[in-house]
Amino acid sequence: MPPVINSDLSGKTVMVTGANSGIGFEAAKHFAKMNAARLIIVCRSVEKAKESIKQIEAETGYKNAEPMALDLGDFRTISESVTQAIESLDRLDILVENAAISTAHKYVQTVDGWESMLQVNSLGPALHTLLLLPLMMNTARTHQVTPRIVVVSSEVIFWSDIPAEAVAAPNTLETLSSKEFCTPEIFKNRYVQSKILNIMLVRKLAAILPKSIIPVTLNPGYCVSGLRRQHEGEEAARMKQMEDDFAYTSEEGSRQIVFSAVGGKDDGLELRGEFTSYSQVLEVSDWLLSEKGKKAEDKIWNEMLELFGKLDPRIPSIVAEYLKV
Ligand SMILES: NC(=O)c1ccc[n+]([C@@H]2O[C@H](COP(=O)([O-])OP(=O)(O)OC[C@H]3O[C@@H](n4cnc5c(N)ncnc54)[C@H](OP(=O)(O)O)[C@@H]3O)[C@@H](O)[C@H]2O)c1
């Protein structure tokens, strides 16, 4: 894994979701060492965030981390978290959408009734990002900087696609979420599909937003972390063996978040809309680049905007102001 890159984040505000564990926690420590003016540690609860902050302080001496709560499996808390962010932050330079789960092929619904990997890994981060757009756009304008939206995806995006039956259905997201559609054959790729949706989000944002915002997605590599904690039996043993044989540490994986957040030339413009891996831009899958992939991307994007508009009254004006195609 290429070494971690460095930057001076004095004066800048960085927010990391899922910053109490694994790759997100390690990325937060790197940002702390870069002297970010404010580092927002977003976790499922304020208690978890405070615990993470204590550890960050102990390991780096950094004292400007602040806790924030957000449960991506509960849309209401996403809106509440963003309201708190808008009230308390005067700028947001780097937003890292890192938090995610793997339910070990178990179909579980969130409190909002969506299949949990679809909501926690894809819909939740997308809603969170869109609601924070005005703050980031304002940061770009007021401070003449190029804020970055960094979405953690995975190299598993090459393993599958969004099933054609779901894309052809009247509502793709609702179809993907429905229990009947999630047969074992379809559902074995659900984590992969959720990470493909992360790529689609970044590609769409890059196509629509002005150049003053840099959306970028990335592959951290296969890392030892808490991600596979729900897996059991033979699969858990196989994954453990893979971890022992060739996995990176979470710190090594976090270097890709850092690269995407502060790396690149020309203010990182060459990373706009791209997928980074091993500190380089990597072309995404043939399916994502194909006509079928683009059609799915457009359809899912429109469905997301419609859904989010019903969830949070701020979305229609954000769409009108920033996301008009
Ligand atoms: N590890 C790998 O090999 C690997 C490879 C490719 C990509 N990735 C990606 O890397 C990112 C980080 O994963 P990781 O490997 O570091 O796993 P991890 O150690 O399990 O960390 C995941 C983080 O997400 C948080 N999270 C889970 N559900 C959440 C929810 N509903 N609301 C808010 N936060 C929630 C977790 O909080 P709790 O502690 O409260 O559960 C935890 O802080 C993920 O996007 C993952 O898909 C990982």
# chains A, B, ... in the order shown; residues from 1 in each chain; ligands from 1

call {"tool": "residues_near_ligand", "arguments": {"ligand": "ligand 1", "cutoff": "6 Å", "atoms": "only C-alpha atoms and all ligand atoms", "output": "ChimeraX atom specification"}}
result
/A:18-24,43-44,70-73,98-101,120,152-154,219-227

call {"tool": "write_last_selection", "arguments": {"atoms": "C-alpha atoms", "output": "PDB file, in the first residue's frame"}}
result
ATOM      1  CA  GLY A  18     -18.282   5.642  10.989  1.00  0.00           C
ATOM      2  CA  ALA A  19     -15.262   7.198  12.692  1.00  0.00           C
ATOM      3  CA  ASN A  20     -15.272   4.922  15.742  1.00  0.00           C
ATOM      4  CA  SER A  21     -14.042   1.752  14.032  1.00  0.00           C
ATOM      5  CA  GLY A  22     -11.796   0.322  11.339  1.00  0.00           C
ATOM      6  CA  ILE A  23     -10.868   2.405   8.323  1.00  0.00           C
ATOM      7  CA  GLY A  24     -12.899   5.487   9.355  1.00  0.00           C
ATOM      8  CA  CYS A  43     -21.051   7.773  14.923  1.00  0.00           C
ATOM      9  CA  ARG A  44     -24.242   5.903  15.657  1.00  0.00           C
ATOM     10  CA  LEU A  70     -26.202   9.760  13.000  1.00  0.00           C
ATOM     11  CA  ASP A  71     -27.836   6.402  12.310  1.00  0.00           C
ATOM     12  CA  LEU A  72     -27.845   5.809   8.574  1.00  0.00           C
ATOM     13  CA  GLY A  73     -30.516   3.169   9.111  1.00  0.00           C
ATOM     14  CA  ASN A  98     -17.340   5.947   5.222  1.00  0.00           C
ATOM     15  CA  ALA A  99     -19.877   4.128   7.430  1.00  0.00           C
ATOM     16  CA  ALA A 100     -21.324   0.873   6.092  1.00  0.00           C
ATOM     17  CA  ILE A 101     -22.382  -2.623   7.116  1.00  0.00           C
ATOM     18  CA  VAL A 120     -27.126   2.170   5.476  1.00  0.00           C
ATOM     19  CA  VAL A 152     -15.898   4.907   0.454  1.00  0.00           C
ATOM     20  CA  SER A 153     -16.745   2.153  -2.041  1.00  0.00           C
ATOM     21  CA  SER A 154     -14.836  -1.074  -2.728  1.00  0.00           C
ATOM     22  CA  ASN A 219     -11.371   1.376  -2.791  1.00  0.00           C
ATOM     23  CA  PRO A 220      -9.521   1.005   0.535  1.00  0.00           C
ATOM     24  CA  GLY A 221      -8.479  -2.580  -0.239  1.00  0.00           C
ATOM     25  CA  TYR A 222      -9.342  -5.707   1.759  1.00  0.00           C
ATOM     26  CA  CYS A 223      -8.680  -4.718   5.377  1.00  0.00           C
ATOM     27  CA  VAL A 224      -8.963  -6.185   8.842  1.00  0.00           C
ATOM     28  CA  SER A 225     -11.810  -4.233  10.464  1.00  0.00           C
ATOM     29  CA  GLY A 226     -15.201  -4.688  12.118  1.00  0.00           C
ATOM     30  CA  LEU A 227     -16.984  -5.010   8.744  1.00  0.00           C
TER      31      LEU A 227
END

call {"tool": "select_by_dssp", "arguments": {"residues": "segment 138-208 of chain A", "states": "helix (DSSP H, G or I)", "output": "PyMOL selection string"}}
result
chain A and resi 138-143+155-158+164-168+172-177+184-187+190-208

call {"tool": "residues_around", "arguments": {"residues": "Leu205 of chain A", "least_positions_apart": "2", "cutoff": "12 Å", "atoms": "only C-alpha atoms", "output": "ChimeraX atom specification"}}
result
/A:126,129-130,133,148-151,198-203,207-217,272-274,297-298,301,319,322-325

call {"tool": "atom_distance", "arguments": {"atom1": "atom CA of Asn121 of chain A", "atom2": "atom CA of Glu252 of chain A"}}
result
21.4 Å

call {"tool": "atom_distance", "arguments": {"atom1": "atom CA of Ile40 of chain A", "atom2": "atom CA of Glu66 of chain A"}}
result
4.9 Å

call {"tool": "atom_distance", "arguments": {"atom1": "atom CA of Lys33 of chain A", "atom2": "atom CA of Glu251 of chain A"}}
result
13.4 Å

call {"tool": "residues_around", "arguments": {"residues": "Val284 of chain A", "least_positions_apart": "4", "cutoff": "10 Å", "atoms": "only C-alpha atoms", "output": "ChimeraX atom specification"}}
result
/A:155,157-158,196,199,274-276,288-289

call {"tool": "residues_around", "arguments": {"residues": "Ile41 of chain A", "least_positions_apart": "5", "cutoff": "7 Å", "atoms": "only C-alpha atoms", "output": "compact mmCIF listing (two decimals) with C-alpha atoms, in the first residue's frame"}}
result
# COMPACT_ATOMS: atom_id res chain seq x y z
CA MET A 15 -16.35 15.23 8.88
CA VAL A 16 -16.00 11.42 8.92
CA THR A 17 -18.92 9.00 9.32
CA ALA A 19 -15.26 7.20 12.69
CA ALA A 49 -18.23 9.34 19.13
CA ALA A 65 -12.55 16.66 17.57
CA GLU A 66 -16.30 16.99 18.15
CA PRO A 67 -18.95 14.28 18.42
CA MET A 68 -22.02 14.03 16.22

call {"tool": "residues_around", "arguments": {"residues": "segment 117-119 of chain A", "least_positions_apart": "4", "cutoff": "9 Å", "atoms": "only C-alpha atoms", "output": "compact mmCIF listing (two decimals) with N, CA, C and O atoms, in the first residue's frame"}}
result
# COMPACT_ATOMS: atom_id res chain seq x y z
N LEU A 72 -27.50 5.83 10.00
CA LEU A 72 -27.85 5.81 8.57
C LEU A 72 -29.04 4.90 8.29
O LEU A 72 -29.66 4.98 7.24
N GLY A 73 -29.35 4.05 9.25
CA GLY A 73 -30.52 3.17 9.11
C GLY A 73 -31.79 3.83 9.59
O GLY A 73 -32.83 3.16 9.71
N ASP A 74 -31.74 5.12 9.88
CA ASP A 74 -32.92 5.85 10.36
C ASP A 74 -32.87 7.25 9.73
O ASP A 74 -32.14 8.13 10.19
N PHE A 75 -33.64 7.43 8.66
CA PHE A 75 -33.57 8.69 7.89
C PHE A 75 -33.79 9.92 8.76
O PHE A 75 -33.20 10.97 8.52
N ALA A 100 -20.60 1.90 6.86
CA ALA A 100 -21.32 0.87 6.09
C ALA A 100 -21.40 -0.40 6.92
O ALA A 100 -20.72 -0.54 7.94
N ILE A 101 -22.26 -1.32 6.45
CA ILE A 101 -22.38 -2.62 7.12
C ILE A 101 -22.37 -3.75 6.09
O ILE A 101 -22.65 -3.54 4.91
N SER A 102 -22.09 -4.94 6.58
CA SER A 102 -22.36 -6.16 5.82
C SER A 102 -23.17 -7.05 6.75
O SER A 102 -22.72 -7.37 7.86
N THR A 103 -24.38 -7.43 6.33
CA THR A 103 -25.23 -8.23 7.22
C THR A 103 -25.03 -9.73 7.02
O THR A 103 -25.85 -10.53 7.45
N TYR A 107 -31.30 -10.89 5.31
CA TYR A 107 -32.22 -9.81 4.94
C TYR A 107 -32.76 -9.20 6.22
O TYR A 107 -33.45 -9.85 7.00
N VAL A 108 -32.44 -7.92 6.44
CA VAL A 108 -32.90 -7.20 7.64
C VAL A 108 -33.47 -5.87 7.16
O VAL A 108 -32.91 -5.24 6.26
N GLN A 109 -34.60 -5.45 7.75
CA GLN A 109 -35.16 -4.15 7.38
C GLN A 109 -34.81 -3.10 8.43
O GLN A 109 -34.76 -3.40 9.62
N THR A 110 -34.61 -1.86 7.97
CA THR A 110 -34.36 -0.74 8.89
C THR A 110 -35.70 -0.27 9.48
O THR A 110 -36.76 -0.72 9.04
N ASP A 112 -37.04 2.33 8.79
CA ASP A 112 -37.76 2.98 7.69
C ASP A 112 -38.34 1.97 6.71
O ASP A 112 -38.95 2.35 5.71
N LEU A 123 -28.41 4.59 0.41
CA LEU A 123 -29.40 5.67 0.46
C LEU A 123 -29.06 6.68 1.56
O LEU A 123 -29.12 7.89 1.35
N GLY A 124 -28.70 6.18 2.74
CA GLY A 124 -28.38 7.05 3.87
C GLY A 124 -27.23 8.01 3.55
O GLY A 124 -27.38 9.23 3.69
N PRO A 125 -26.09 7.49 3.10
CA PRO A 125 -24.98 8.40 2.75
C PRO A 125 -25.36 9.39 1.65
O PRO A 125 -24.91 10.54 1.66
N LEU A 173 -35.35 1.04 -6.85
CA LEU A 173 -34.92 0.98 -5.44
C LEU A 173 -35.89 0.15 -4.61
O LEU A 173 -35.47 -0.68 -3.79
N LEU A 176 -35.31 -3.47 -5.43
CA LEU A 176 -34.09 -3.99 -4.80
C LEU A 176 -34.31 -4.25 -3.31
O LEU A 176 -33.73 -5.15 -2.72
N SER A 177 -35.15 -3.41 -2.70
CA SER A 177 -35.37 -3.50 -1.26
C SER A 177 -36.35 -4.59 -0.86
O SER A 177 -36.32 -5.08 0.27
N ARG A 190 -25.71 -8.29 -2.52
CA ARG A 190 -26.28 -7.04 -2.04
C ARG A 190 -25.22 -6.03 -1.58
O ARG A 190 -25.27 -4.85 -1.89
N TYR A 191 -24.22 -6.52 -0.84
CA TYR A 191 -23.16 -5.60 -0.41
C TYR A 191 -22.50 -4.98 -1.66
O TYR A 191 -22.26 -3.76 -1.70
N GLN A 193 -23.81 -4.57 -4.63
CA GLN A 193 -24.73 -3.61 -5.24
C GLN A 193 -24.72 -2.28 -4.48
O GLN A 193 -24.75 -1.20 -5.07
N SER A 194 -24.65 -2.38 -3.15
CA SER A 194 -24.66 -1.15 -2.35
C SER A 194 -23.41 -0.31 -2.63
O SER A 194 -23.44 0.93 -2.60
N LEU A 197 -23.79 1.48 -5.97
CA LEU A 197 -24.60 2.70 -5.83
C LEU A 197 -23.74 3.87 -5.31
O LEU A 197 -23.99 5.03 -5.65

call {"tool": "residues_around", "arguments": {"residues": "Ala27 of chain A", "least_positions_apart": "4", "cutoff": "7 Å", "atoms": "only C-alpha atoms", "output": "list in words"}}
result
Ile23, Phe31, Ser254, Arg255, Ile257 and Val258 of chain A

call {"tool": "select_by_dssp", "arguments": {"residues": "segment 10-115 of chain A", "states": "strand (DSSP E)", "output": "VMD selection string"}}
result
chain A and resid 13 to 17 38 to 43 65 to 69 94 to 97

call {"tool": "write_last_selection", "arguments": {"atoms": "all heavy atoms", "output": "short mmCIF file (atom, residue, chain, number, x, y, z; two decimals), in the first residue's frame"}}
result
data_model
loop_
_atom_site.label_atom_id
_atom_site.label_comp_id
_atom_site.auth_asym_id
_atom_site.auth_seq_id
_atom_site.Cartn_x
_atom_site.Cartn_y
_atom_site.Cartn_z
N THR A 13 -12.45 22.21 8.04
CA THR A 13 -13.33 21.34 8.82
C THR A 13 -13.52 20.03 8.06
O THR A 13 -13.83 20.03 6.86
CB THR A 13 -14.70 22.02 9.04
OG1 THR A 13 -14.47 23.24 9.76
CG2 THR A 13 -15.63 21.13 9.84
N VAL A 14 -13.33 18.93 8.77
CA VAL A 14 -13.43 17.59 8.18
C VAL A 14 -14.49 16.80 8.95
O VAL A 14 -14.54 16.86 10.18
CB VAL A 14 -12.07 16.84 8.29
CG1 VAL A 14 -12.16 15.46 7.64
CG2 VAL A 14 -10.95 17.66 7.67
N MET A 15 -15.33 16.07 8.24
CA MET A 15 -16.35 15.23 8.88
C MET A 15 -16.17 13.80 8.38
O MET A 15 -16.06 13.56 7.18
CB MET A 15 -17.74 15.75 8.52
CG MET A 15 -18.88 14.93 9.10
SD MET A 15 -20.51 15.54 8.57
CE MET A 15 -20.70 17.01 9.53
N VAL A 16 -16.15 12.84 9.31
CA VAL A 16 -16.00 11.42 8.92
C VAL A 16 -17.13 10.62 9.55
O VAL A 16 -17.29 10.65 10.78
CB VAL A 16 -14.64 10.85 9.40
CG1 VAL A 16 -14.46 9.40 8.92
CG2 VAL A 16 -13.47 11.71 8.92
N THR A 17 -17.89 9.88 8.76
CA THR A 17 -18.92 9.00 9.32
C THR A 17 -18.29 7.63 9.61
O THR A 17 -17.33 7.23 8.95
CB THR A 17 -20.13 8.82 8.36
OG1 THR A 17 -19.71 8.06 7.22
CG2 THR A 17 -20.70 10.15 7.92
N ARG A 38 -11.31 21.74 12.72
CA ARG A 38 -12.37 21.01 13.41
C ARG A 38 -12.51 19.63 12.75
O ARG A 38 -12.47 19.52 11.52
CB ARG A 38 -13.70 21.76 13.31
CG ARG A 38 -13.66 23.09 14.02
CD ARG A 38 -14.94 23.88 13.81
NE ARG A 38 -16.03 23.40 14.65
CZ ARG A 38 -17.23 24.02 14.72
NH1 ARG A 38 -17.47 25.10 14.01
NH2 ARG A 38 -18.18 23.54 15.49
N LEU A 39 -12.67 18.62 13.57
CA LEU A 39 -12.82 17.25 13.06
C LEU A 39 -14.11 16.70 13.67
O LEU A 39 -14.21 16.54 14.89
CB LEU A 39 -11.59 16.42 13.48
CG LEU A 39 -11.57 14.94 13.11
CD1 LEU A 39 -11.72 14.74 11.59
CD2 LEU A 39 -10.24 14.32 13.57
N ILE A 40 -15.09 16.42 12.81
CA ILE A 40 -16.39 15.99 13.30
C ILE A 40 -16.47 14.47 13.21
O ILE A 40 -16.42 13.89 12.11
CB ILE A 40 -17.55 16.64 12.49
CG1 ILE A 40 -17.27 18.14 12.24
CG2 ILE A 40 -18.88 16.42 13.19
CD1 ILE A 40 -17.07 18.99 13.48
N ILE A 41 -16.56 13.87 14.37
CA ILE A 41 -16.56 12.40 14.48
C ILE A 41 -18.01 11.94 14.55
O ILE A 41 -18.69 12.11 15.56
CB ILE A 41 -15.78 11.99 15.76
CG1 ILE A 41 -14.33 12.47 15.67
CG2 ILE A 41 -15.85 10.51 16.04
CD1 ILE A 41 -13.52 11.84 14.55
N VAL A 42 -18.49 11.39 13.42
CA VAL A 42 -19.90 11.03 13.33
C VAL A 42 -20.07 9.54 13.56
O VAL A 42 -19.49 8.72 12.83
CB VAL A 42 -20.47 11.42 11.94
CG1 VAL A 42 -21.98 11.23 11.93
CG2 VAL A 42 -20.12 12.84 11.57
N CYS A 43 -20.86 9.19 14.58
CA CYS A 43 -21.05 7.77 14.92
C CYS A 43 -22.52 7.52 15.21
O CYS A 43 -23.32 8.45 15.28
CB CYS A 43 -20.23 7.42 16.16
SG CYS A 43 -18.48 7.70 15.90
N ALA A 65 -11.53 17.57 18.12
CA ALA A 65 -12.55 16.66 17.57
C ALA A 65 -13.86 16.87 18.31
O ALA A 65 -13.87 17.15 19.51
CB ALA A 65 -12.08 15.22 17.70
N GLU A 66 -14.96 16.77 17.57
CA GLU A 66 -16.30 16.99 18.15
C GLU A 66 -17.21 15.82 17.77
O GLU A 66 -17.16 15.34 16.64
CB GLU A 66 -16.90 18.28 17.56
CG GLU A 66 -16.07 19.51 17.81
CD GLU A 66 -16.52 20.68 16.94
OE1 GLU A 66 -17.73 20.89 16.76
OE2 GLU A 66 -15.62 21.39 16.43
N PRO A 67 -18.06 15.41 18.72
CA PRO A 67 -18.95 14.28 18.42
C PRO A 67 -20.22 14.70 17.68
O PRO A 67 -20.70 15.80 17.86
CB PRO A 67 -19.32 13.77 19.83
CG PRO A 67 -19.26 15.00 20.68
CD PRO A 67 -18.23 15.91 20.09
N MET A 68 -20.72 13.81 16.86
CA MET A 68 -22.02 14.03 16.22
C MET A 68 -22.68 12.67 16.02
O MET A 68 -21.99 11.69 15.71
CB MET A 68 -21.83 14.73 14.87
CG MET A 68 -23.08 15.39 14.36
SD MET A 68 -22.75 16.51 13.00
CE MET A 68 -22.24 17.99 13.83
N ALA A 69 -23.99 12.60 16.23
CA ALA A 69 -24.69 11.30 16.11
C ALA A 69 -25.44 11.22 14.79
O ALA A 69 -25.95 12.22 14.27
CB ALA A 69 -25.65 11.13 17.26
N ILE A 94 -14.15 18.83 3.95
CA ILE A 94 -14.01 17.42 3.55
C ILE A 94 -15.10 16.62 4.26
O ILE A 94 -15.19 16.61 5.48
CB ILE A 94 -12.63 16.86 3.93
CG1 ILE A 94 -11.52 17.62 3.18
CG2 ILE A 94 -12.55 15.36 3.63
CD1 ILE A 94 -10.11 17.29 3.65
N LEU A 95 -15.95 15.97 3.45
CA LEU A 95 -16.99 15.09 3.99
C LEU A 95 -16.63 13.66 3.59
O LEU A 95 -16.55 13.36 2.39
CB LEU A 95 -18.35 15.47 3.41
CG LEU A 95 -19.49 14.47 3.65
CD1 LEU A 95 -19.81 14.32 5.14
CD2 LEU A 95 -20.75 14.90 2.89
N VAL A 96 -16.41 12.79 4.56
CA VAL A 96 -16.08 11.39 4.25
C VAL A 96 -17.27 10.51 4.62
O VAL A 96 -17.60 10.35 5.78
CB VAL A 96 -14.81 10.91 4.99
CG1 VAL A 96 -14.49 9.47 4.59
CG2 VAL A 96 -13.62 11.81 4.70
N GLU A 97 -17.92 9.97 3.60
CA GLU A 97 -19.03 9.03 3.81
C GLU A 97 -18.40 7.63 3.84
O GLU A 97 -18.19 7.00 2.81
CB GLU A 97 -20.06 9.14 2.67
CG GLU A 97 -20.78 10.47 2.60
CD GLU A 97 -21.79 10.71 3.72
OE1 GLU A 97 -22.02 9.79 4.53
OE2 GLU A 97 -22.33 11.82 3.78
#

call {"tool": "closest_residue", "arguments": {"among": "A:Glu303, A:Ser277, A:Lys63, A:Ala261", "to": "Asp8 of chain A", "atoms": "only C-alpha atoms"}}
result
A:Ala261

call {"tool": "closest_residue", "arguments": {"among": "A:Thr249, A:Tyr278, A:Thr60, A:Glu115", "to": "Ile5 of chain A", "atoms": "only C-alpha atoms"}}
result
A:Tyr278

call {"tool": "closest_residue", "arguments": {"among": "A:Leu92, A:Ile162, A:Ala168, A:Ala206", "to": "Arg141 of chain A", "atoms": "only C-alpha atoms"}}
result
A:Leu92

call {"tool": "closest_residue", "arguments": {"among": "A:His231, A:Lys240, A:Lys48, A:Lys195", "to": "Leu218 of chain A", "atoms": "only C-alpha atoms"}}
result
A:Lys195
